[in-house]
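The data block below is query.pdb; it holds PDB, C-alpha atoms.
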```pdb
ATOM      1  CA  MET A   1     234.916  51.027 187.736
ATOM      2  CA  GLY A   2     237.700  53.281 189.035
ATOM      3  CA  VAL A   3     241.186  53.531 187.650
ATOM      4  CA  ARG A   4     243.296  50.559 188.672
ATOM      5  CA  GLU A   5     247.052  50.446 188.874
ATOM      6  CA  PHE A   6     249.034  48.446 186.301
ATOM      7  CA  ILE A   7     252.038  47.007 188.149
ATOM      8  CA  THR A   8     255.184  46.438 186.091
ATOM      9  CA  PRO A   9     258.635  45.056 186.926
ATOM     10  CA  THR A  10     261.377  47.237 188.338
ATOM     11  CA  GLU A  11     264.469  47.918 186.267
ATOM     12  CA  GLU A  12     266.354  45.438 188.446
ATOM     13  CA  GLU A  13     263.773  42.691 187.831
ATOM     14  CA  TRP A  14     264.055  43.205 184.032
ATOM     15  CA  ILE A  15     267.848  43.012 184.223
ATOM     16  CA  ASP A  16     267.787  39.904 186.433
ATOM     17  CA  ALA A  17     265.364  38.055 184.142
ATOM     18  CA  LEU A  18     266.341  39.178 180.629
ATOM     19  CA  GLY A  19     269.444  41.303 180.940
ATOM     20  CA  VAL A  20     267.704  44.309 179.349
ATOM     21  CA  THR A  21     265.109  46.912 180.246
ATOM     22  CA  PRO A  22     262.265  48.356 178.160
ATOM     23  CA  GLU A  23     262.803  51.818 176.699
ATOM     24  CA  ARG A  24     260.287  54.626 176.847
ATOM     25  CA  ALA A  25     258.570  55.100 173.462
ATOM     26  CA  GLU A  26     259.683  58.277 171.747
ATOM     27  CA  GLY A  27     257.481  61.186 172.777
ATOM     28  CA  GLU A  28     255.517  59.060 175.265
ATOM     29  CA  ASP A  29     255.702  59.146 179.042
ATOM     30  CA  PHE A  30     253.854  55.919 179.856
ATOM     31  CA  ILE A  31     254.436  53.600 176.881
ATOM     32  CA  TYR A  32     257.427  51.254 176.952
ATOM     33  CA  LEU A  33     258.998  49.073 174.246
ATOM     34  CA  LEU A  34     261.241  46.033 174.465
ATOM     35  CA  HIS A  35     262.879  44.311 171.480
ATOM     36  CA  TYR A  36     264.443  40.995 172.460
ATOM     37  CA  PRO A  37     266.312  38.591 170.145
ATOM     38  CA  ILE A  38     265.876  34.914 171.056
ATOM     39  CA  ASN A  39     268.254  33.552 168.400
ATOM     40  CA  SER A  40     269.367  34.522 164.894
ATOM     41  CA  ASP A  41     265.802  34.222 163.508
ATOM     42  CA  ASP A  42     263.370  34.546 166.423
ATOM     43  CA  HIS A  43     262.708  37.723 168.368
ATOM     44  CA  PHE A  44     259.881  39.227 170.328
ATOM     45  CA  ASP A  45     258.656  42.736 170.783
ATOM     46  CA  LEU A  46     256.747  43.769 173.866
ATOM     47  CA  SER A  47     255.052  47.096 174.344
ATOM     48  CA  PHE A  48     252.967  48.180 177.279
ATOM     49  CA  ASP A  49     251.020  51.262 178.225
ATOM     50  CA  VAL A  50     251.101  51.815 181.973
ATOM     51  CA  VAL A  51     248.204  54.316 181.987
ATOM     52  CA  GLY A  52     246.127  52.511 179.338
ATOM     53  CA  SER A  53     246.711  49.089 180.976
ATOM     54  CA  SER A  54     247.415  47.486 177.614
ATOM     55  CA  VAL A  55     250.067  45.021 176.489
ATOM     56  CA  ARG A  56     251.132  43.916 173.024
ATOM     57  CA  PHE A  57     253.337  40.879 172.430
ATOM     58  CA  ARG A  58     254.643  40.078 168.964
ATOM     59  CA  TRP A  59     256.805  37.043 168.120
ATOM     60  CA  SER A  60     258.521  37.027 164.749
ATOM     61  CA  GLN A  61     260.813  34.770 162.767
ATOM     62  CA  GLY A  62     262.777  36.934 160.413
ATOM     63  CA  GLU A  63     260.286  39.427 159.016
ATOM     64  CA  GLU A  64     257.231  37.168 159.503
ATOM     65  CA  ALA A  65     255.007  37.721 162.538
ATOM     66  CA  LEU A  66     253.986  34.356 163.979
ATOM     67  CA  VAL A  67     252.007  35.664 166.951
ATOM     68  CA  ASP A  68     250.615  39.125 167.611
ATOM     69  CA  ILE A  69     248.586  39.548 170.802
ATOM     70  CA  LEU A  70     247.089  42.834 171.998
ATOM     71  CA  ARG A  71     245.180  42.943 175.273
ATOM     72  CA  GLU A  72     243.695  45.605 177.491
ATOM     73  CA  GLY A  73     242.863  45.293 181.168
ATOM     74  CA  ALA A  74     246.394  44.353 182.229
ATOM     75  CA  ARG A  75     246.879  44.528 185.981
ATOM     76  CA  ARG A  76     250.343  43.053 186.510
ATOM     77  CA  LEU A  77     253.362  42.288 184.338
ATOM     78  CA  LEU A  78     255.983  40.003 185.847
ATOM     79  CA  VAL A  79     259.353  38.769 184.572
ATOM     80  CA  ASN A  80     261.191  35.807 186.030
ATOM     81  CA  SER A  81     264.079  33.522 185.201
ATOM     82  CA  GLY A  82     265.852  30.470 186.517
ATOM     83  CA  ALA A  83     267.118  27.043 185.461
ATOM     84  CA  GLY A  84     267.945  28.314 181.959
ATOM     85  CA  GLU A  85     264.453  29.692 181.329
ATOM     86  CA  ALA A  86     262.975  33.195 181.282
ATOM     87  CA  TYR A  87     259.284  34.070 181.486
ATOM     88  CA  LEU A  88     256.875  36.947 181.131
ATOM     89  CA  ARG A  89     253.502  36.679 182.849
ATOM     90  CA  ILE A  90     250.771  39.217 182.282
ATOM     91  CA  GLU A  91     247.699  39.121 184.513
ATOM     92  CA  PHE A  92     244.441  40.624 183.245
ATOM     93  CA  ASP A  93     241.300  41.618 185.080
ATOM     94  CA  THR A  94     238.260  43.496 183.785
ATOM     95  CA  ALA A  95     234.659  43.631 184.916
ATOM     96  CA  ASP A  96     233.873  40.628 182.697
ATOM     97  CA  LEU A  97     237.123  38.715 182.188
ATOM     98  CA  HIS A  98     240.217  37.635 184.074
ATOM     99  CA  GLY A  99     243.194  35.501 183.201
ATOM    100  CA  GLN A 100     246.851  35.402 182.428
ATOM    101  CA  LEU A 101     249.182  35.149 179.478
ATOM    102  CA  THR A 102     252.443  33.341 180.218
ATOM    103  CA  ILE A 103     255.243  33.538 177.687
ATOM    104  CA  ARG A 104     258.425  31.546 178.093
ATOM    105  CA  VAL A 105     261.011  33.429 176.050
ATOM    106  CA  LEU A 106     264.100  31.316 176.790
ATOM    107  CA  PRO A 107     265.294  28.843 175.721
ATOM    108  CA  ALA A 108     262.480  28.990 173.125
ATOM    109  CA  ILE A 109     259.095  30.687 172.877
ATOM    110  CA  ARG A 110     256.155  28.898 174.470
ATOM    111  CA  ILE A 111     252.815  30.619 175.058
ATOM    112  CA  GLU A 112     250.112  29.669 177.563
ATOM    113  CA  ASP A 113     246.936  31.711 177.550
ATOM    114  CA  GLN A 114     243.939  31.623 179.846
ATOM    115  CA  LEU A 115     241.083  34.117 179.702
ATOM    116  CA  LEU A 116     237.871  33.362 181.581
ATOM    117  CA  PHE A 117     234.611  35.082 182.441
ATOM    118  CA  SER A 118     234.691  36.707 185.883
TER     119      SER A 118
END
```

Written as structure tokens, how would this file's structure read?
Amino acid sequence: MGVREFITPTEEEWIDALGVTPERAEGEDFIYLLHYPINSDDHFDLSFDVVGSSVRFRWSQGEEALVDILREGARRLLVNSGAGEAYLRIEFDTADLHGQLTIRVLPAIRIEDQLLFS
């Protein structure tokens, strides 16, 4: 399989959906990090590697990690908002599997995950 492009949101799309943009990881050209507080206890961290086509999502309450998901084979990362809600959707596609991970981040975290054989 050849190298496939991992499509990520523009800076404007990040701002429109969440009001922030991911920062480049220190010393890295293609790895980005986003730390986003939901409320006084909940926050999520998102990191993604544009060249490696990987995404990591971590939801924590205080210091405790409630969910920690790491996936490779990411093909598209989308952010969207409206009607008081904000979402991340990550689409995955490999030779054997395809699916999507949808994470509503506002007003509260909700995760929907689908990963199926191709």

Exercise for review: Within 12 Å of region 29-35 of chain A, counting all atoms listed in the file, which residues show up once you throw out same-chain ones fewer than 2 positions away? Write them as a PyMOL selection string, please.
Suggested key: chain A and resi 6+8-9+14+18-27+37-38+42-60+105

Point to revise | Reference answer for the PyMOL selection byres ((chain A and resi 80) around 12), as a VMD selection string | key: chain A and resid 9 to 10 12 to 19 77 to 79 81 to 90 102 to 106

Exercise for review: Please identify all polymer residues within 8 Å of Asp93 (chain A), counting all atoms listed in the file, omitting same-chain residues fewer than 6 positions from it, and present them as a list of chain:residue names.
Suggested key: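 That gives A:Gly73, A:Ala74, A:Arg75, A:Gly99.
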
Write out, as a compact mmCIF listing (two decimals), in the frame of the given file, the residues just selected, with C-alpha atoms.
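Below is the file that was written, selection_6.txt:
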```
# COMPACT_ATOMS: atom_id res chain seq x y z
CA GLY A 73 242.86 45.29 181.17
CA ALA A 74 246.39 44.35 182.23
CA ARG A 75 246.88 44.53 185.98
CA GLY A 99 243.19 35.50 183.20
```

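CA of Gln100 (chain A) is positioned 26.2 Å from CA of Glu28 (chain A).
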
Could you work out an axis-aligned box for region 61-70 of chain A, taking every atom the file lists and adding 8 Å on each side, and report centre and edge lengths in Å to one decimal, as AutoDock Vina command-line options?
```
--center_x 254.9 --center_y 38.6 --center_z 165.5 --size_x 31.7 --size_y 24.5 --size_z 29.0
```

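As for CA of Ala108 (chain A) and CA of Leu66 (chain A), they are spaced 13.6 Å apart.
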